[in-house]
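J.: Structure file run.txt, compact mmCIF, C-alpha atoms, is pasted below:
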```txt
# COMPACT_ATOMS: atom_id res chain seq x y z
CA MET A 1 0.00 0.00 0.00
CA SER A 2 2.90 2.33 0.62
CA THR A 3 4.02 4.78 -2.01
CA THR A 4 7.37 4.94 -0.24
CA PHE A 5 9.61 7.86 -0.95
CA LEU A 6 12.49 6.87 1.27
CA LEU A 7 15.37 9.29 1.28
CA SER A 8 18.69 7.90 0.17
CA ARG A 9 21.44 7.59 2.77
CA PRO A 10 23.33 10.69 1.48
CA GLN A 11 20.06 12.67 1.43
CA MET A 12 19.29 11.59 4.99
CA THR A 13 22.81 12.50 6.13
CA ARG A 14 22.51 15.95 4.56
CA LEU A 15 19.13 16.50 6.16
CA GLN A 16 20.46 15.41 9.56
CA GLY A 17 23.22 17.99 9.31
CA LEU A 18 20.84 20.75 8.24
CA ALA A 19 18.31 19.93 10.95
CA SER A 20 20.99 19.74 13.61
CA ALA A 21 22.26 23.21 12.73
CA ALA A 22 18.69 24.54 12.54
CA VAL A 23 17.63 23.28 15.99
CA GLY A 24 20.83 24.80 17.38
CA GLU A 25 19.53 28.14 16.10
CA VAL A 26 16.12 27.45 17.66
CA SER A 27 17.82 26.88 21.03
CA ARG A 28 19.58 30.22 20.63
CA GLY A 29 16.33 31.99 19.79
CA LEU A 30 14.41 30.50 22.69
CA THR A 31 17.22 31.18 25.15
CA GLU A 32 17.12 34.84 24.12
CA MET A 33 13.33 34.92 24.39
CA PHE A 34 13.12 33.35 27.83
CA SER A 35 16.41 34.77 29.15
CA ALA A 36 17.15 31.27 30.37
CA ALA A 37 18.79 28.19 28.92
CA VAL A 38 16.36 26.50 26.58
CA ALA A 39 17.77 23.64 24.55
CA VAL A 40 16.31 21.65 21.73
CA THR A 41 17.25 18.05 22.38
CA ALA A 42 16.69 14.53 21.10
CA LEU A 43 16.60 15.52 17.45
CA HIS A 44 15.38 12.81 15.12
CA VAL A 45 15.20 12.86 11.37
CA ARG A 46 13.22 9.87 10.19
CA VAL A 47 10.85 8.46 7.64
CA VAL A 48 7.67 7.33 9.39
CA GLU A 49 4.47 5.65 8.18
CA LEU A 50 1.62 8.20 8.38
CA SER A 51 -0.27 5.91 10.77
CA GLU A 52 2.64 5.97 13.21
CA VAL A 53 3.35 9.71 13.32
CA PRO A 54 0.80 10.70 16.03
CA SER A 55 2.28 8.11 18.40
CA LEU A 56 5.66 9.87 18.33
CA VAL A 57 4.39 12.12 21.12
CA GLY A 58 2.88 9.23 23.11
CA SER A 59 -0.89 8.93 22.98
CA PRO A 60 -2.80 10.54 20.09
CA GLU A 61 -5.38 11.52 22.73
CA LEU A 62 -2.88 13.61 24.71
CA GLU A 63 -4.29 17.08 25.40
CA VAL A 64 -1.97 19.57 23.77
CA VAL A 65 -1.74 23.12 22.60
CA ALA A 66 -0.51 23.18 19.02
CA VAL A 67 1.09 26.09 17.24
CA TYR A 68 0.90 25.44 13.52
CA LEU A 69 3.01 27.20 10.89
CA ILE A 70 3.56 26.65 7.22
CA ALA A 71 6.83 27.20 5.38
CA GLU A 72 6.23 28.29 1.83
CA GLY A 73 8.52 28.87 -1.11
CA GLU A 74 10.98 26.40 -2.56
CA LEU A 75 10.96 24.01 0.38
CA PRO A 76 7.41 23.89 1.73
CA ALA A 77 6.83 22.21 5.06
CA GLN A 78 4.28 22.00 7.83
CA LEU A 79 5.69 22.93 11.24
CA LEU A 80 4.16 22.11 14.61
CA LEU A 81 5.06 23.14 18.11
CA LEU A 82 3.15 20.91 20.52
CA MET A 83 3.04 21.24 24.27
CA GLU A 84 0.99 19.54 26.93
CA TYR A 85 -1.76 21.87 28.10
CA PRO A 86 -0.32 22.53 31.59
CA THR A 87 3.06 23.33 30.01
CA ALA A 88 1.38 25.87 27.73
CA LEU A 89 -0.14 27.57 30.79
CA GLU A 90 3.25 27.52 32.51
CA LEU A 91 4.90 29.14 29.49
CA CYS A 92 2.24 31.86 29.48
CA ASP A 93 3.10 32.71 33.08
CA ILE A 94 6.78 33.05 32.15
CA LEU A 95 6.16 35.06 28.99
CA LEU A 96 3.59 37.37 30.55
CA GLU A 97 5.74 37.74 33.69
CA LEU A 98 3.04 36.40 35.97
CA PRO A 99 3.49 34.38 39.17
CA SER A 100 3.63 30.67 38.50
CA GLY A 101 0.15 29.11 38.38
CA THR A 102 -1.63 32.34 37.42
CA THR A 103 -2.70 31.36 33.88
CA GLU A 104 -5.62 28.94 34.06
CA ALA A 105 -6.98 29.14 30.52
CA LEU A 106 -5.96 30.38 27.10
CA GLY A 107 -7.41 33.69 25.98
CA GLU A 108 -6.37 35.98 23.15
CA MET A 109 -3.33 37.32 24.97
CA GLU A 110 -2.11 33.87 25.99
CA GLU A 111 -2.57 32.52 22.47
CA SER A 112 -0.65 35.47 21.11
CA ALA A 113 2.21 34.77 23.53
CA LEU A 114 2.33 31.09 22.55
CA GLY A 115 2.11 32.05 18.89
CA GLU A 116 5.21 34.15 19.43
CA VAL A 117 7.04 31.10 20.80
CA GLY A 118 5.96 29.22 17.68
CA ASN A 119 7.21 32.10 15.55
CA ILE A 120 10.62 31.99 17.19
CA VAL A 121 10.88 28.23 16.80
CA GLY A 122 9.67 28.28 13.20
CA SER A 123 11.58 31.29 11.97
CA PHE A 124 14.92 30.35 13.57
CA PHE A 125 14.59 26.83 12.20
CA LEU A 126 13.65 27.96 8.72
CA ASN A 127 16.14 30.80 8.52
CA SER A 128 18.95 28.38 9.27
CA LEU A 129 17.62 25.91 6.71
CA ALA A 130 17.06 28.60 4.09
CA GLU A 131 20.57 29.98 4.55
CA SER A 132 22.14 26.53 4.24
CA VAL A 133 20.15 25.54 1.18
CA GLY A 134 20.21 28.96 -0.43
CA VAL A 135 16.47 29.44 -0.78
CA HIS A 136 13.85 31.84 0.52
CA LEU A 137 11.40 30.25 2.97
CA PRO A 138 8.61 32.60 4.03
CA ILE A 139 6.52 31.47 6.97
CA THR A 140 2.80 31.97 7.62
CA PRO A 141 1.50 33.54 10.84
CA PRO A 142 0.97 30.98 13.60
CA THR A 143 -2.39 29.30 14.11
CA ILE A 144 -3.21 27.85 17.53
CA ALA A 145 -5.44 24.99 18.56
CA ALA A 146 -5.97 23.22 21.88
CA ASP A 147 -6.92 19.66 21.05
CA MET A 148 -5.88 16.03 21.03
CA ALA A 149 -2.33 15.51 19.72
CA GLY A 150 -3.63 13.19 17.01
CA ALA A 151 -6.01 15.85 15.73
CA ALA A 152 -3.25 18.48 15.60
CA ILE A 153 -0.74 16.19 13.93
CA GLY A 154 -3.34 14.83 11.52
CA ILE A 155 -4.12 18.26 10.11
CA ALA A 156 -0.42 19.03 9.68
CA LEU A 157 0.04 15.77 7.80
CA THR A 158 -2.70 16.33 5.23
CA GLU A 159 -0.33 18.14 2.90
CA VAL A 160 2.28 15.36 2.73
CA ALA A 161 -0.42 12.65 2.90
CA MET A 162 -1.70 13.82 -0.46
CA PHE A 163 1.54 12.59 -2.03
CA ALA A 164 2.86 9.74 0.13
CA ASP A 165 1.97 7.14 2.73
CA GLU A 166 5.07 8.04 4.71
CA ALA A 167 6.36 11.33 6.01
CA VAL A 168 9.83 12.69 6.55
CA VAL A 169 9.62 13.79 10.15
CA ILE A 170 12.08 16.11 11.85
CA ASP A 171 11.22 16.09 15.54
CA ALA A 172 12.83 17.20 18.76
CA ASN A 173 12.14 17.88 22.43
CA PHE A 174 12.86 20.87 24.65
CA GLU A 175 14.78 21.34 27.88
CA HIS A 176 14.33 24.38 30.06
CA GLN A 177 17.19 24.92 32.52
CA GLY A 178 18.07 21.25 32.33
CA ARG A 179 14.49 20.02 32.80
CA ARG A 180 12.86 18.17 29.94
CA LEU A 181 9.58 19.80 28.93
CA PRO A 182 6.60 17.83 27.63
CA ALA A 183 6.81 19.72 24.35
CA TRP A 184 7.74 18.73 20.84
CA PHE A 185 8.81 20.39 17.64
CA MET A 186 7.83 18.61 14.44
CA ALA A 187 8.45 19.48 10.81
CA PHE A 188 6.96 17.67 7.84
CA PRO A 189 8.71 18.84 4.68
CA HIS A 190 7.07 18.28 1.33
CA PRO A 191 8.74 15.15 -0.11
CA ASP A 192 9.37 16.17 -3.72
CA GLN A 193 10.79 19.61 -2.98
CA LEU A 194 12.85 18.22 -0.11
CA ARG A 195 14.53 15.65 -2.33
CA ALA A 196 15.13 18.26 -5.01
CA ALA A 197 16.76 20.58 -2.47
CA LEU A 198 18.88 17.81 -0.98
CA ASP A 199 20.01 16.69 -4.42
CA LYS A 200 21.17 20.16 -5.38
CA GLY A 201 24.31 19.41 -3.40
CA THR A 202 25.03 23.06 -2.95
CA PHE A 203 25.30 22.82 0.83
CA MET B 1 -14.59 1.51 28.02
CA ILE B 2 -17.80 0.16 26.59
CA THR B 3 -17.15 -3.52 27.08
CA THR B 4 -16.06 -5.62 30.01
CA ALA B 5 -14.57 -8.37 27.88
CA VAL B 6 -11.84 -6.57 26.00
CA GLU B 7 -9.01 -8.85 25.02
CA GLN B 8 -7.38 -6.68 22.44
CA ILE B 9 -7.57 -3.02 21.52
CA VAL B 10 -6.54 -2.36 17.95
CA SER B 11 -5.53 1.15 17.05
CA VAL B 12 -6.66 2.19 13.59
CA GLY B 13 -4.08 4.76 12.52
CA LEU B 14 -4.16 7.36 9.77
CA GLY B 15 -4.99 5.74 6.47
CA GLU B 16 -5.52 2.30 7.99
CA ILE B 17 -8.37 -0.21 7.88
CA HIS B 18 -8.87 -2.95 10.45
CA VAL B 19 -11.59 -5.59 10.44
CA ALA B 20 -12.36 -8.16 13.13
CA SER B 21 -14.67 -10.97 14.12
CA GLU B 22 -13.09 -11.84 17.48
CA ALA B 23 -15.49 -11.02 20.32
CA GLY B 24 -12.92 -9.44 22.60
CA MET B 25 -11.65 -6.97 20.06
CA VAL B 26 -12.20 -3.23 20.19
CA LEU B 27 -11.21 -1.09 17.21
CA MET B 28 -10.22 2.49 17.98
CA ALA B 29 -9.33 5.52 15.90
CA LEU B 30 -7.74 7.91 18.39
CA GLY B 31 -7.43 11.66 18.02
CA LEU B 32 -9.47 12.15 14.87
CA GLY B 33 -9.27 15.80 13.88
CA SER B 34 -10.11 16.55 10.27
CA CYS B 35 -9.92 12.80 9.61
CA VAL B 36 -13.11 10.76 9.57
CA GLY B 37 -13.49 7.39 11.26
CA VAL B 38 -15.90 4.98 9.57
CA ALA B 39 -17.23 2.05 11.62
CA VAL B 40 -19.33 -0.75 10.09
CA TYR B 41 -20.85 -3.72 11.88
CA ASP B 42 -22.96 -6.71 10.96
CA PRO B 43 -24.93 -7.61 14.11
CA GLN B 44 -25.83 -11.07 12.84
CA ALA B 45 -22.35 -12.15 11.77
CA ARG B 46 -20.77 -10.13 14.60
CA VAL B 47 -18.18 -8.82 12.23
CA GLY B 48 -17.01 -5.24 12.11
CA GLY B 49 -14.41 -2.91 10.74
CA MET B 50 -13.10 0.61 10.90
CA ALA B 51 -11.34 2.95 8.48
CA HIS B 52 -9.42 6.11 9.35
CA VAL B 53 -9.89 8.43 6.38
CA VAL B 54 -7.37 11.27 5.99
CA LEU B 55 -8.29 12.86 2.65
CA PRO B 56 -11.27 12.88 0.28
CA ALA B 57 -9.68 11.59 -2.94
CA PRO B 58 -6.32 11.51 -4.72
CA LEU B 59 -5.46 14.50 -6.90
CA ASP B 60 -4.24 12.16 -9.60
CA PRO B 61 -6.73 9.34 -10.33
CA ALA B 62 -3.77 7.21 -11.44
CA ALA B 63 -2.04 7.59 -8.06
CA PRO B 64 -1.30 4.39 -6.12
CA ILE B 65 -4.31 3.03 -4.26
CA SER B 66 -4.30 4.00 -0.60
CA ALA B 67 -6.89 3.65 2.15
CA LYS B 68 -6.11 7.17 3.36
CA PHE B 69 -8.58 8.38 0.70
CA ALA B 70 -12.34 8.11 1.31
CA THR B 71 -12.88 6.94 -2.26
CA VAL B 72 -10.62 3.93 -1.60
CA ALA B 73 -11.18 3.28 2.10
CA VAL B 74 -14.96 2.91 2.03
CA PRO B 75 -15.23 0.21 -0.67
CA GLU B 76 -12.17 -1.59 0.72
CA LEU B 77 -13.63 -1.58 4.24
CA LEU B 78 -16.85 -3.14 2.96
CA GLU B 79 -15.01 -5.71 0.88
CA ARG B 80 -12.94 -6.76 3.88
CA VAL B 81 -15.84 -7.15 6.34
CA GLU B 82 -17.75 -9.07 3.66
CA ARG B 83 -14.80 -11.43 3.34
CA LEU B 84 -15.19 -12.11 7.08
CA GLY B 85 -18.85 -13.03 6.62
CA ALA B 86 -20.68 -9.71 6.87
CA GLU B 87 -23.53 -8.97 4.50
CA ARG B 88 -23.87 -5.49 3.08
CA GLN B 89 -27.63 -5.13 3.63
CA ARG B 90 -27.19 -5.91 7.36
CA LEU B 91 -24.35 -3.46 7.95
CA VAL B 92 -24.80 -0.72 10.51
CA CYS B 93 -22.52 2.22 9.75
CA LYS B 94 -21.54 5.11 12.01
CA ILE B 95 -19.02 7.84 11.33
CA ALA B 96 -17.24 10.51 13.38
CA GLY B 97 -14.65 13.22 12.83
CA GLY B 98 -14.18 15.86 10.17
CA ALA B 99 -13.57 18.74 12.57
CA GLN B 100 -12.24 22.10 11.49
CA VAL B 101 -9.35 21.94 13.98
CA LEU B 102 -7.65 25.07 12.69
CA GLN B 103 -9.65 28.16 12.02
CA THR B 104 -7.32 29.24 9.24
CA ALA B 105 -5.49 27.15 6.72
CA ALA B 106 -2.90 28.47 4.37
CA SER B 107 -2.14 25.28 2.54
CA ARG B 108 -3.95 23.96 -0.48
CA HIS B 109 -4.92 20.52 0.76
CA ASN B 110 -6.15 21.25 4.25
CA PHE B 111 -8.56 23.99 3.18
CA ARG B 112 -11.92 22.97 4.73
CA ILE B 113 -10.46 19.49 4.86
CA GLY B 114 -12.71 18.22 7.67
CA GLU B 115 -15.85 19.24 5.84
CA ARG B 116 -14.60 17.80 2.56
CA ASN B 117 -13.73 14.51 4.27
CA ILE B 118 -17.27 14.22 5.67
CA GLU B 119 -18.75 14.90 2.23
CA ALA B 120 -16.43 12.40 0.57
CA VAL B 121 -17.13 9.64 3.12
CA ASN B 122 -20.90 10.13 2.83
CA ALA B 123 -20.66 10.12 -0.97
CA ALA B 124 -18.53 6.95 -0.97
CA LEU B 125 -20.99 5.25 1.41
CA ALA B 126 -23.94 6.27 -0.78
CA GLU B 127 -22.08 4.82 -3.75
CA VAL B 128 -21.88 1.40 -2.10
CA GLY B 129 -25.42 1.58 -0.72
CA VAL B 130 -24.60 1.88 2.98
CA LEU B 131 -25.88 4.99 4.71
CA PRO B 132 -24.67 5.96 8.17
CA SER B 133 -27.31 5.49 10.85
CA ALA B 134 -25.50 7.94 13.13
CA GLN B 135 -22.74 10.47 12.80
CA ASP B 136 -20.86 12.82 15.08
CA CYS B 137 -19.08 15.03 12.59
CA GLY B 138 -17.86 18.58 12.15
CA GLY B 139 -17.34 21.10 14.89
CA LYS B 140 -13.98 22.49 15.93
CA THR B 141 -12.44 19.80 18.11
CA GLY B 142 -11.11 16.31 17.70
CA ARG B 143 -12.59 13.08 18.97
CA SER B 144 -11.87 9.36 19.19
CA LEU B 145 -14.08 6.59 17.85
CA GLN B 146 -14.36 3.00 19.04
CA LEU B 147 -16.23 -0.12 17.94
CA ALA B 148 -16.64 -3.16 20.21
CA ILE B 149 -16.88 -6.30 18.12
CA HIS B 150 -18.78 -8.42 20.64
CA SER B 151 -21.70 -5.97 20.81
CA GLY B 152 -21.34 -3.65 17.84
CA ARG B 153 -21.55 -0.69 20.17
CA VAL B 154 -19.93 2.43 18.82
CA ALA B 155 -18.79 5.25 21.08
CA VAL B 156 -17.19 8.65 20.67
CA LYS B 157 -14.94 10.50 23.08
CA ARG B 158 -14.15 14.19 22.97
CA LEU B 159 -11.30 15.91 24.75
CA GLY B 160 -11.83 15.90 28.50
CA ARG B 161 -15.01 13.80 28.30
CA ASP B 162 -15.87 10.13 28.72
CA TRP B 163 -16.92 7.75 25.98
CA GLU B 164 -20.49 8.40 24.85
CA PRO B 165 -22.55 5.98 22.76
CA LEU B 166 -23.09 6.97 19.14
```
Take the structure in the file and write it out as structure tokens.
T.:
Amino acid sequence: MSTTFLLSRPQMTRLQGLASAAVGEVSRGLTEMFSAAVAVTALHVRVVELSEVPSLVGSPELEVVAVYLIAEGELPAQLLLLMEYPTALELCDILLELPSGTTEALGEMEESALGEVGNIVGSFFLNSLAESVGVHLPITPPTIAADMAGAAIGIALTEVAMFADEAVVIDANFEHQGRRLPAWFMAFPHPDQLRAALDKGTF
Amino acid sequence: MITTAVEQIVSVGLGEIHVASEAGMVLMALGLGSCVGVAVYDPQARVGGMAHVVLPAPLDPAAPISAKFATVAVPELLERVERLGAERQRLVCKIAGGAQVLQTAASRHNFRIGERNIEAVNAALAEVGVLPSAQDCGGKTGRSLQLAIHSGRVAVKRLGRDWEPL
């Protein structure tokens, strides 16, 4: 049933290198934003069956806040920042300089603050990628949803699902001051353009 | 949980179809957002199946066949339960999902994707002569769908809520 578009070993190696540099930039951006050490850890670059992707964060029923961004241009991709709901509330407290435990629900201001985190993650990641590959990668404004992880990941996968039964998944976790956060970054690049970019061999 | 005799829970992932006739089996599509879960059950044969539809139809009709598309998943689901002994005229069908999870969508293929999935599943079911007797579709949030093979009971769960019969 699969319409496999596995990346070749050299393509995968190139993508690993690009993604590694890009998440390093995301760490730098988040550390500046939070004025505290935020690291992007446990980077994986893998080809995963569509049916398996939601389980990468644990249960597809996990309650998360998802920040969804789309990279356009020569290397289109769907980007997701997912965080467990309590973590999202905790981040709002930090960003809005409120005492811990103050934020109890997400309103317009809280969503805007989380969207800004998504913007930092997305733009630092894409800027690094764009610079390495030599392309322009504009990014859409963030869209936020509080829902089951499976629902959030499913919508992000619709673009690549149109063309393949597997997805190239770039995913990573976050650490804040040495503590692992229940939050994930995921990128689903469009398969054809990704292979074309990786085959250019200009980076 | 809607059964006390669960022996095996089978997760029906994106683009997958599972069918079963074993009494202790429960089929589940977890975290359906814009996707649509299709459950069919023959109460006499005690055979059932579930499909997890991701997209309405392939852009290119010559594209490889995949159950992620409603146009492929629905007839394949019926064919597979019939192979296990179900009869089409006895099938009870229930569907859930097709939410508009994001209020904006900048990409081509997820524009109104939940709504288009619901339409495509209903059209594919009409094509094969099986109309859903119940559906919990649309809205803005995701849900999970389960089918217990021993009873044919179908239930839906939304975020933060318990399973409710459909």
J.: Report the distance between CA of Ile149 in chain B and CA of Glu164 in chain B in Å, rounded to one decimal place.
T.: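 Taking CA of Ile149 in chain B as the start and CA of Glu164 in chain B as the end point, the length is 16.6 Å.
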J.: Distance cut-off 6 Å, counting all atoms listed in the file - which residues of chain B neighbour chain A? Return them as a list of chain:residue names.
T.: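 Per the criterion, chain B yields B:Gly13, B:Leu14, B:Leu30, B:Gly31, B:Leu32, B:Gly33, B:Ser66, B:His109, B:Gly142.
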J.: From the list A:Arg179, A:Ile139, A:Ala172, A:Glu110, which residue is nearest Phe124 in chain A when using all atoms listed in the file?
T.: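 The answer is A:Ile139, which sits nearest to Phe124 in chain A.
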J.: With a distance cut-off of 9 Å and all atoms listed in the file, select the neighbouring residues of Lys157 in chain B, excluding the residue or stretch itself and same-chain residues fewer than 5 positions from it, and output the selection as a PyMOL selection string.
T.: chain B and resi 30+142-146+162-165
J.: Could you name the residues that touch Ser34 in chain B at 8 Å or less, counting all atoms listed in the file, but leaving out those on the same chain fewer than 3 positions away, as a PyMOL selection string?
T.: (chain A and resi 151+154-155) or (chain B and resi 54+97-101+113-115+117+142)
J.: When you draw a straight line from CA of Ala187 in chain A to CA of Asn119 in chain A, how long is it in Å?
T.: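 Answer for the CA of Ala187 in chain A to CA of Asn119 in chain A separation: 13.5 Å.
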J.: If you measure from CA of Ser151 in chain B to CA of Val40 in chain B, what distance in Å do you get, rounded to one decimal?
T.: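 For CA of Ser151 in chain B relative to CA of Val40 in chain B, the distance reads 12.2 Å.
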J.: Might I get the box with edges along x, y and z of the file that holds all atoms of range 147-161 of chain B listed there, padded by 5 Å on every side, given as centre and edge lengths in Å to one decimal, as AutoDock Vina command-line options?
T.:
```
--center_x -16.5 --center_y 3.7 --center_z 23.2 --size_x 20.4 --size_y 34.3 --size_z 20.7
```
J.: Using only C-alpha atoms and a cutoff of 6 Å, can you tell me which residues are near (-10.2, -1.3, 22.8) in the file's coordinates, and write them out as a JSON list (two decimals) with C-alpha atoms, in the frame of the given file?
T.:
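This went into point.json:
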```
[["chain", "number", "residue", "atom", "x", "y", "z"],
["B", 9, "ILE", "CA", -7.57, -3.02, 21.52],
["B", 26, "VAL", "CA", -12.20, -3.23, 20.19],
["B", 27, "LEU", "CA", -11.21, -1.09, 17.21]]
```
J.: Can you tell me which residues surround Leu91 in chain B at a distance of at most 7 Å, considering all atoms listed in the file, apart from same-chain residues fewer than 2 positions away, and format the answer as number ranges by chain?
T.: B: 40-42, 87-89, 93
